[in-house]
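The file start.cif contains mmCIF, C-alpha atoms:
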data_my_file
loop_
_atom_site.label_atom_id
_atom_site.label_comp_id
_atom_site.auth_asym_id
_atom_site.auth_seq_id
_atom_site.Cartn_x
_atom_site.Cartn_y
_atom_site.Cartn_z
CA MET A 228 0.00 0.00 0.00
CA MET A 229 3.00 2.32 -0.36
CA ALA A 230 1.38 3.60 -3.56
CA GLY A 231 -2.00 3.99 -1.86
CA PRO A 232 -2.13 7.80 -2.00
CA GLU A 233 -1.22 7.83 -5.70
CA VAL A 234 -3.74 5.10 -6.56
CA SER A 235 -6.43 6.85 -4.53
CA GLN A 236 -5.75 10.04 -6.44
CA ILE A 237 -6.20 8.19 -9.74
CA LEU A 238 -9.34 6.27 -8.75
CA GLY A 239 -11.00 9.03 -6.77
CA PRO A 240 -12.36 9.23 -3.22
CA ASN A 241 -15.22 6.75 -3.60
CA TYR A 242 -13.17 3.59 -3.03
CA ASN A 243 -11.68 1.93 0.00
CA LEU A 244 -8.26 0.54 -0.96
CA ILE A 245 -7.39 -2.80 0.63
CA GLY A 246 -3.92 -4.25 0.23
CA PHE A 247 -2.76 -7.71 1.24
CA ASP A 248 0.36 -9.84 1.29
CA PRO A 249 0.08 -13.04 -0.79
CA ARG A 250 0.93 -16.33 0.89
CA GLY A 251 4.43 -16.42 2.32
CA ILE A 252 5.13 -12.74 1.55
CA ASN A 253 5.99 -10.22 4.26
CA ASN A 254 3.33 -10.58 6.98
CA SER A 255 1.49 -13.58 5.51
CA GLY A 256 2.28 -17.20 6.29
CA PRO A 257 3.43 -19.83 5.77
CA THR A 258 7.10 -19.17 6.38
CA VAL A 259 9.23 -20.51 3.54
CA ASP A 260 12.90 -20.96 4.37
CA CYS A 261 15.09 -23.16 2.21
CA PHE A 262 18.13 -22.76 4.46
CA PRO A 263 16.62 -23.06 7.95
CA ASN A 264 19.09 -22.29 10.70
CA ASP A 265 22.05 -22.35 8.32
CA PRO A 266 23.06 -18.78 7.39
CA ASN A 267 26.48 -20.00 6.28
CA ALA A 268 25.03 -22.26 3.57
CA ARG A 269 22.74 -19.45 2.44
CA SER A 270 25.64 -17.00 2.26
CA ILE A 271 27.74 -19.40 0.20
CA PHE A 272 24.86 -19.97 -2.24
CA LYS A 273 24.18 -16.24 -2.59
CA ASP A 274 27.82 -15.45 -3.28
CA LEU A 275 28.04 -18.17 -5.91
CA PHE A 276 24.79 -17.41 -7.73
CA PHE A 277 24.14 -13.68 -7.39
CA SER A 278 27.58 -12.07 -7.41
CA ASP A 279 28.06 -11.97 -11.20
CA THR A 280 26.13 -11.45 -14.37
CA SER A 281 26.09 -14.41 -16.70
CA ASN A 282 28.95 -13.06 -18.83
CA SER A 283 31.02 -11.27 -16.19
CA SER A 284 33.85 -13.77 -16.63
CA SER A 285 34.80 -16.79 -18.68
CA ASN A 286 33.08 -19.16 -16.24
CA SER A 287 30.39 -17.03 -14.59
CA LEU A 288 27.55 -18.66 -16.56
CA GLU A 289 28.71 -22.15 -15.58
CA LYS A 290 29.09 -21.06 -11.95
CA GLN A 291 25.53 -19.72 -11.88
CA TYR A 292 24.16 -22.87 -13.43
CA TYR A 293 25.79 -25.28 -11.01
CA ALA A 294 25.19 -23.02 -7.99
CA ALA A 295 21.47 -23.17 -8.82
CA ASP A 296 21.57 -26.85 -7.89
CA LEU A 297 22.32 -25.87 -4.29
CA PHE A 298 19.06 -23.94 -4.01
CA GLY A 299 17.03 -26.83 -5.39
CA GLN A 300 18.63 -29.39 -3.10
CA TRP A 301 18.23 -27.29 0.03
CA CYS A 302 14.62 -26.35 -0.77
CA SER A 303 13.71 -29.94 -1.58
CA GLU A 304 15.10 -31.11 1.75
CA SER A 305 13.32 -28.29 3.56
CA PHE A 306 10.00 -29.22 1.91
CA ARG A 307 10.50 -32.86 2.81
CA LYS A 308 10.41 -31.80 6.46
CA ASN A 309 7.92 -28.94 6.07
CA ALA A 310 5.74 -28.98 2.96
CA SER A 311 4.23 -25.53 3.53
CA GLY A 312 6.31 -24.10 0.70
CA GLN A 313 4.25 -26.08 -1.79
CA TYR A 314 1.11 -24.14 -0.85
CA VAL A 315 2.16 -20.64 -1.86
CA SER A 316 1.12 -20.80 -5.50
CA THR A 317 -0.68 -18.06 -7.38
CA PRO A 318 -3.89 -20.12 -7.83
CA ALA A 319 -3.95 -20.67 -4.06
CA VAL A 320 -3.75 -16.89 -3.54
CA ALA A 321 -6.54 -16.38 -6.07
CA LYS A 322 -8.69 -18.70 -3.95
CA ASP A 323 -7.76 -16.63 -0.90
CA MET A 324 -8.99 -13.53 -2.74
CA LEU A 325 -12.30 -15.28 -3.44
CA SER A 326 -12.59 -16.04 0.28
CA TYR A 327 -11.97 -12.35 1.09
CA ILE A 328 -14.73 -11.04 -1.14
CA LYS A 329 -17.17 -13.72 0.05
CA ALA A 330 -16.39 -12.80 3.65
CA GLU A 331 -17.10 -9.17 2.79
CA GLN A 332 -20.48 -10.19 1.37
CA ASN A 333 -21.29 -12.18 4.48
CA ALA A 334 -20.37 -9.26 6.71
CA ALA A 335 -22.73 -7.06 4.71
CA GLY A 336 -25.52 -9.65 4.88
CA LYS A 337 -25.44 -10.20 1.11
CA PRO A 338 -25.38 -13.47 -0.88
CA GLU A 339 -21.91 -15.00 -1.34
CA GLU A 340 -22.60 -15.83 -4.97
CA ASP A 341 -22.85 -12.11 -5.75
CA ALA A 342 -19.31 -11.41 -4.51
CA LYS A 343 -17.28 -9.38 -7.01
CA LEU A 344 -13.59 -8.55 -7.04
CA TRP A 345 -12.56 -5.01 -7.91
CA TYR A 346 -8.83 -5.15 -8.38
CA TYR A 347 -5.92 -2.97 -9.44
CA ALA A 348 -2.47 -4.54 -9.89
CA VAL A 349 0.88 -4.10 -11.55
CA SER A 350 3.67 -6.52 -12.50
CA TYR A 351 3.25 -9.94 -10.85
CA GLY A 352 -0.13 -8.79 -9.57
CA THR A 353 -1.40 -8.86 -13.15
CA ALA A 354 -0.67 -12.60 -13.38
CA LEU A 355 -2.62 -13.03 -10.14
CA GLY A 356 -5.49 -10.99 -11.54
CA SER A 357 -5.55 -12.99 -14.79
CA THR A 358 -5.53 -16.21 -12.78
CA PHE A 359 -8.45 -15.07 -10.64
CA ALA A 360 -10.44 -14.10 -13.74
CA ALA A 361 -9.76 -17.47 -15.36
CA LEU A 362 -10.69 -19.46 -12.26
CA PHE A 363 -13.65 -17.37 -11.07
CA PRO A 364 -15.07 -15.43 -14.04
CA ASN A 365 -18.45 -15.00 -12.35
CA ASN A 366 -16.81 -13.17 -9.48
CA VAL A 367 -15.03 -10.53 -11.54
CA GLY A 368 -16.12 -6.94 -11.01
CA ARG A 369 -13.57 -4.59 -12.54
CA LEU A 370 -9.92 -5.49 -13.05
CA VAL A 371 -7.23 -2.96 -13.93
CA LEU A 372 -4.03 -4.78 -14.86
CA ASP A 373 -1.16 -2.35 -15.44
CA GLY A 374 2.37 -3.22 -16.56
CA VAL A 375 1.15 -6.63 -17.61
CA LEU A 376 3.29 -9.71 -17.05
CA ASP A 377 3.05 -12.34 -19.80
CA ALA A 378 1.08 -14.88 -17.77
CA GLN A 379 1.53 -17.72 -20.24
CA ASP A 380 5.30 -17.24 -20.19
CA TYR A 381 5.20 -16.91 -16.41
CA TYR A 382 3.35 -20.21 -15.88
CA ASN A 383 5.68 -21.91 -18.34
CA LEU A 384 8.61 -20.75 -16.17
CA GLY A 385 9.99 -19.15 -19.31
CA TRP A 386 10.79 -15.57 -18.20
CA LYS A 387 11.64 -14.89 -21.84
CA THR A 388 9.39 -11.89 -22.53
CA ASN A 389 10.43 -9.39 -19.87
CA LEU A 390 13.28 -7.52 -21.55
CA TYR A 391 11.66 -6.20 -24.70
CA GLN A 392 12.46 -2.47 -25.05
CA THR A 393 14.42 -2.30 -21.80
CA ASP A 394 17.39 -0.86 -23.70
CA GLU A 395 15.08 1.82 -25.07
CA ALA A 396 13.81 2.46 -21.54
CA LEU A 397 17.38 2.93 -20.35
CA GLY A 398 17.92 5.30 -23.26
CA THR A 399 15.31 7.60 -21.78
CA PHE A 400 17.64 8.08 -18.82
CA SER A 401 20.14 9.83 -21.08
CA THR A 402 17.40 11.77 -22.85
CA TYR A 403 15.72 13.05 -19.71
CA CYS A 404 19.01 13.70 -17.95
CA HIS A 405 20.12 15.93 -20.81
CA GLN A 406 16.74 17.65 -21.03
CA GLY A 407 16.64 18.20 -17.27
CA GLY A 408 19.90 20.12 -17.27
CA PRO A 409 22.76 20.06 -14.77
CA GLN A 410 20.56 21.49 -12.04
CA ASN A 411 18.26 18.45 -12.17
CA CYS A 412 20.59 15.63 -13.27
CA SER A 413 23.99 15.20 -11.66
CA PHE A 414 25.26 13.07 -14.57
CA TRP A 415 24.28 15.71 -17.12
CA GLY A 416 26.19 16.06 -20.36
CA PRO A 417 26.03 18.32 -23.42
CA SER A 418 24.01 15.71 -25.31
CA ALA A 419 22.07 12.53 -24.64
CA GLN A 420 24.69 10.63 -26.63
CA ASN A 421 27.44 12.01 -24.40
CA ILE A 422 25.62 10.65 -21.34
CA THR A 423 25.14 7.25 -22.97
CA ASP A 424 28.79 7.10 -24.05
CA ARG A 425 30.00 7.89 -20.53
CA LEU A 426 27.66 5.28 -19.04
CA ASN A 427 29.00 2.68 -21.48
CA SER A 428 32.57 3.65 -20.62
CA ILE A 429 31.89 3.15 -16.91
CA LEU A 430 30.40 -0.29 -17.57
CA PHE A 431 33.36 -1.28 -19.73
CA LYS A 432 35.87 -0.27 -17.07
CA LEU A 433 33.96 -1.94 -14.24
CA GLN A 434 33.82 -5.28 -16.01
CA ASP A 435 37.50 -5.92 -15.29
CA ASN A 436 38.16 -3.24 -12.68
CA PRO A 437 35.72 -3.17 -9.76
CA ILE A 438 36.08 -0.20 -7.45
CA PRO A 439 37.02 -0.95 -3.83
CA VAL A 440 35.07 0.87 -1.14
CA SER A 441 36.82 0.91 2.21
CA GLY A 442 33.77 1.62 4.32
CA LEU A 443 35.84 3.95 6.48
CA ASN A 444 33.66 6.95 5.70
CA ALA A 445 30.45 7.37 7.65
CA GLY A 446 27.43 5.84 5.97
CA THR A 447 29.43 3.60 3.63
CA THR A 448 29.85 -0.16 3.50
CA THR A 449 33.03 -2.09 2.78
CA GLY A 450 32.98 -3.91 -0.52
CA LEU A 451 33.57 -3.81 -4.24
CA ALA A 452 31.39 -1.84 -6.63
CA THR A 453 31.15 -4.27 -9.52
CA PHE A 454 29.91 -4.51 -13.08
CA ALA A 455 27.09 -6.78 -11.87
CA ASP A 456 26.09 -4.31 -9.15
CA LEU A 457 25.77 -1.46 -11.61
CA LYS A 458 23.79 -3.63 -14.03
CA GLN A 459 21.32 -4.47 -11.26
CA MET A 460 21.06 -0.82 -10.23
CA MET A 461 20.32 0.15 -13.83
CA LEU A 462 17.71 -2.59 -14.15
CA GLN A 463 15.96 -1.45 -10.99
CA ALA A 464 16.05 2.12 -12.28
CA VAL A 465 14.21 1.35 -15.52
CA TYR A 466 11.58 -0.52 -13.48
CA ALA A 467 10.88 2.59 -11.36
CA PRO A 468 12.43 5.54 -13.25
CA VAL A 469 10.71 8.38 -11.41
CA GLN A 470 12.13 7.24 -8.09
CA LYS A 471 15.41 5.69 -9.23
CA PHE A 472 16.78 7.66 -12.18
CA PRO A 473 18.10 10.43 -9.87
CA PRO A 474 20.03 8.01 -7.58
CA LEU A 475 21.39 6.28 -10.68
CA ALA A 476 22.67 9.61 -11.97
CA ASP A 477 24.39 10.30 -8.63
CA ALA A 478 25.95 6.83 -8.58
CA LEU A 479 27.25 7.18 -12.14
CA LEU A 480 28.82 10.53 -11.38
CA ALA A 481 30.48 9.06 -8.30
CA LEU A 482 31.76 6.07 -10.32
CA GLU A 483 33.15 8.43 -12.93
CA ASN A 484 35.16 9.98 -10.12
CA GLY A 485 36.35 6.64 -8.74
CA ASP A 486 33.82 6.35 -5.90
CA GLY A 487 31.74 3.16 -5.82
CA SER A 488 30.05 3.72 -2.47
CA GLN A 489 26.76 4.90 -3.91
CA VAL A 490 26.40 1.75 -5.98
CA ILE A 491 26.96 -0.42 -2.93
CA GLU A 492 24.61 1.66 -0.78
CA GLY A 493 22.02 2.32 -3.47
CA ILE A 494 21.42 -1.11 -4.90
CA LEU A 495 18.66 -3.24 -3.51
CA SER A 496 20.43 -6.49 -4.22
CA VAL A 497 18.38 -9.24 -5.79
CA SER A 498 20.30 -11.62 -3.56
CA ASP A 499 18.37 -10.19 -0.61
CA ALA A 500 15.11 -11.54 -2.01
CA HIS A 501 13.37 -14.03 0.24
CA ASP A 502 13.26 -17.69 -0.76
CA VAL A 503 9.49 -17.60 -1.09
CA GLU A 504 9.63 -15.22 -4.08
CA THR A 505 11.56 -17.81 -6.06
CA VAL A 506 9.60 -20.74 -4.66
CA ILE A 507 6.33 -19.18 -5.85
CA LYS A 508 7.75 -19.05 -9.38
CA CYS A 509 8.95 -22.63 -9.12
CA VAL A 510 5.65 -24.00 -7.82
CA ASP A 511 3.63 -22.05 -10.39
CA GLY A 512 5.88 -23.18 -13.22
CA TYR A 513 6.56 -26.72 -12.08
CA HIS A 514 7.05 -28.97 -15.13
CA GLY A 515 7.49 -25.79 -17.22
CA THR A 516 10.60 -24.65 -19.07
CA ASN A 517 13.35 -27.20 -18.59
CA LEU A 518 16.79 -25.76 -17.82
CA SER A 519 18.14 -29.10 -16.67
CA SER A 520 21.22 -28.93 -18.90
CA LEU A 521 23.99 -26.38 -19.16
CA GLU A 522 23.33 -26.12 -22.88
CA ALA A 523 19.70 -25.16 -22.23
CA PHE A 524 20.80 -22.44 -19.81
CA GLU A 525 23.36 -21.16 -22.30
CA HIS A 526 20.63 -20.97 -24.94
CA TYR A 527 18.35 -19.11 -22.51
CA VAL A 528 21.03 -16.53 -21.70
CA ALA A 529 21.85 -16.09 -25.39
CA LEU A 530 18.15 -15.44 -26.08
CA LEU A 531 18.07 -12.77 -23.38
CA GLU A 532 21.25 -11.13 -24.63
CA GLY A 533 19.66 -10.96 -28.06
CA GLN A 534 16.76 -9.03 -26.54
CA SER A 535 18.83 -6.60 -24.47
CA LYS A 536 22.51 -5.76 -24.67
CA TYR A 537 22.39 -4.06 -21.28
CA PHE A 538 20.29 -6.48 -19.26
CA GLY A 539 20.34 -9.84 -21.02
CA ASP A 540 23.19 -11.13 -18.87
CA ALA A 541 21.70 -9.63 -15.69
CA TRP A 542 18.20 -11.05 -16.02
CA PRO A 543 18.93 -14.69 -15.03
CA THR A 544 19.57 -13.61 -11.42
CA ASN A 545 16.26 -11.74 -11.47
CA SER A 546 14.07 -14.33 -13.15
CA ASN A 547 15.76 -17.09 -11.12
CA ASN A 548 14.03 -19.78 -13.17
CA VAL A 549 17.22 -21.83 -13.29
CA LEU A 550 16.98 -22.13 -9.49
CA CYS A 551 13.93 -24.35 -10.01
CA ARG A 552 15.79 -27.00 -12.01
CA SER A 553 16.66 -29.22 -9.04
CA LEU A 554 13.62 -28.51 -6.89
CA LYS A 555 11.64 -31.67 -6.15
CA LEU A 556 7.98 -31.28 -5.34
CA SER A 557 5.27 -33.83 -4.73
CA THR A 558 3.24 -33.61 -7.95
CA SER A 559 0.00 -34.38 -6.14
CA ASP A 560 0.60 -31.52 -3.73
CA THR A 561 1.51 -28.76 -6.17
CA ARG A 562 -1.02 -26.04 -6.78
CA SER A 563 0.02 -25.08 -10.31
CA PHE A 564 -2.47 -23.52 -12.68
CA SER A 565 -3.34 -25.60 -15.73
CA GLY A 566 -6.33 -23.78 -17.18
CA ALA A 567 -6.69 -21.19 -19.93
CA LEU A 568 -5.75 -17.61 -19.11
CA LEU A 569 -7.32 -14.45 -20.47
CA SER A 570 -5.56 -13.27 -23.61
#
When written as structure tokens, how does the structure in this file appear?
Amino acid sequence: MMAGPEVSQILGPNYNLIGFDPRGINNSGPTVDCFPNDPNARSIFKDLFFSDTSNSSSNSLEKQYYAADLFGQWCSESFRKNASGQYVSTPAVAKDMLSYIKAEQNAAGKPEEDAKLWYYAVSYGTALGSTFAALFPNNVGRLVLDGVLDAQDYYNLGWKTNLYQTDEALGTFSTYCHQGGPQNCSFWGPSAQNITDRLNSILFKLQDNPIPVSGLNAGTTTGLATFADLKQMMLQAVYAPVQKFPPLADALLALENGDGSQVIEGILSVSDAHDVETVIKCVDGYHGTNLSSLEAFEHYVALLEGQSKYFGDAWPTNSNNVLCRSLKLSTSDTRSFSGALLS
């Protein structure tokens, strides 16, 4: 509900906005932990899988692929002892939503069968909305699905349709930075092309020369500002440009001057994502796209790099579909969606 005021302004004052956490997310149970009581194993996995892009080095792709096996093995063992992780699927959440609107009808003394869902969602929430509409078409009121995720690709565990035009989206950073002027964009240059060229130069240098950050200055953290870190920061920026283009500009200016602290401080690392976010993808897409061979993963990365020169090699640690390759679930217990979605 962080965007509640903005959404309320768009929809008007006649609606009560109700937000909720899907199963396993934030304040909702069940708790899904693939590395229970073993922070060392989790740390080793994160360092192996998330620290590089798929082409950062001559063996980074292979390292990612084989590190993914660790996640699958640990999650499978965790589910063998506690199967709650198999009940966090998107169809299960859609059924929860049906329960919510029926409960609202009951509280108002109205018939359950007349319950209607009025729903606004972005990103993953659009897949949830499409799923609800497919499962419970008679309970659909009004759905607004914005920034639509390809639900068919999502349920196939493909994650192959998310990078179209992301390079163009990044190009708007240079355009708007130039148009905004030096007073509004710290990485300003005399032309949009100048800004793009300098950004590319920073990326090129970082690929083989990460910038050490001592952490001795107040508010900074010890570490290396890396090529992969900057790629992730850029990817997050195109996802939320209004909020994140200005910090990206500041970080690029600092990098240009040999200071990597703002990249380290500014990036919300994908490695900090909770296990449940990946497990939901895995459960929803179980028996979907098969990345069970190194060759298949290589082909997947090559496909992504063909879609985006900036983000193709960074997307595998965001989609995380390769992490599902060794996950073993009880087929009878999965809650995957197998019906037809709205087109």
(message) What's around Phe298 of chain A at 8 Å? Count only C-alpha atoms, leave out sequence neighbours fewer than 2 positions away in its own chain, and write the answer as a ChimeraX atom specification.
(response) /A:261,272,294-296,300-302,550-551,553-554
(request) Pull out every residue that the PyMOL selection byres ((chain A and resi 395) around 12) matches in the shown coordinates and put them as number ranges by chain. (result) A: 390-394, 396-402, 423, 465, 534-538
(message) Show me, as a list in words, the residues that have an atom within 12 Å of Tyr403 of chain A when counting all atoms listed in the file, minus same-chain residues fewer than 6 positions from it.
(response)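 Near Tyr403 of chain A, the qualifying residues are Ala396, Leu397, Pro409, Asn411, Cys412, Ser413, Phe414, Trp415, Gly416, Ser418, Ala419, Gln420, Ile422, Thr423, Pro468, Val469, Phe472, Pro473 and Ala476 of chain A.
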(request) Can you work out the spacing between atom CA of Gln379 of chain A and atom CA of Thr516 of chain A in Å, to one decimal? (result)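 About the pair atom CA of Gln379 of chain A and atom CA of Thr516 of chain A: they are 11.5 Å apart.
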(request) With the file shown as input, list the residues that the PyMOL selection byres ((chain A and resi 547) around 10) selects, as a ChimeraX atom specification. (result) /A:276-277,295,384,386,497,504-506,508-509,542-546,548-552
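Among the candidate residues A:Leu475, A:Leu530, A:Val259, A:Ala342, the one lying nearest to Val490 of chain A is A:Leu475, with distances computed using only C-alpha atoms.
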(request) In Å, rounded to a single decimal, give me how far atom CA of Gly299 of chain A is from atom CA of Gly356 of chain A. (result)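 These atoms are spaced 28.2 Å apart.
The nearest approach to Leu451 of chain A among the residues A:Leu433, A:Ala378, A:Leu344, A:Ala467, with all atoms listed in the file taken into account, belongs to A:Leu433.
Taking atom CA of Ile252 of chain A as the reference point, atom CA of Ile507 of chain A is found at 9.9 Å.
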(request) Taking (17.8, -0.6, -7.1) in the file's own coordinates, collect the residues within 8 Å, counting all atoms listed in the file, and hand them back as a list in words. (result)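 Protein, DNA and RNA residues close to (17.8, -0.6, -7.1): Gln459, Met460, Met461, Leu462, Gln463, Ala464, Lys471, Gly493, Ile494, Leu495 and Ser496 of chain A.
If only C-alpha atoms are the atoms counted, then among A:Asn484, A:Asn436, A:Thr317, A:Ser235 the closest residue to Tyr351 of chain A is A:Thr317.
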(message) If the PyMOL selection byres ((chain A and resi 324) around 12) were run on this exact file, what residues would it hold? Put them as an NGL selection string.
(response) :A and (245-250 or 317-323 or 325-331 or 342-346 or 355-356 or 358-360 or 362-363 or 366-367)
Who sits within 9 Å of Asp373 of chain A, all atoms listed in the file, same chain under 5 positions skipped, as a short mmCIF file (atom, residue, chain, number, x, y, z; two decimals) with C-alpha atoms, in the coordinates of the input:
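Saved the output as part-v1.cif:
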data_model
loop_
_atom_site.label_atom_id
_atom_site.label_comp_id
_atom_site.auth_asym_id
_atom_site.auth_seq_id
_atom_site.Cartn_x
_atom_site.Cartn_y
_atom_site.Cartn_z
CA TYR A 347 -5.92 -2.97 -9.44
CA ALA A 348 -2.47 -4.54 -9.89
CA VAL A 349 0.88 -4.10 -11.55
CA SER A 350 3.67 -6.52 -12.50
CA GLY A 352 -0.13 -8.79 -9.57
CA THR A 353 -1.40 -8.86 -13.15
#
(message) Ranking A:Gln291, A:Asn444, A:Ser488, A:Asn243 by minimum distance to Asp279 of chain A and counting only C-alpha atoms, which one comes first?
(response)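 Smallest distance to Asp279 of chain A is found for A:Gln291.
When only C-alpha atoms are used to compute distances to Gln489 of chain A, the closest of the residues A:Thr447, A:Asn253, A:Asn517, A:Gln470 turns out to be A:Thr447.
Checking A:Ile491, A:Leu480, A:Ala310, A:Leu426 one by one against Gly450 of chain A, counting all atoms listed in the file, you find the shortest gap at A:Ile491.
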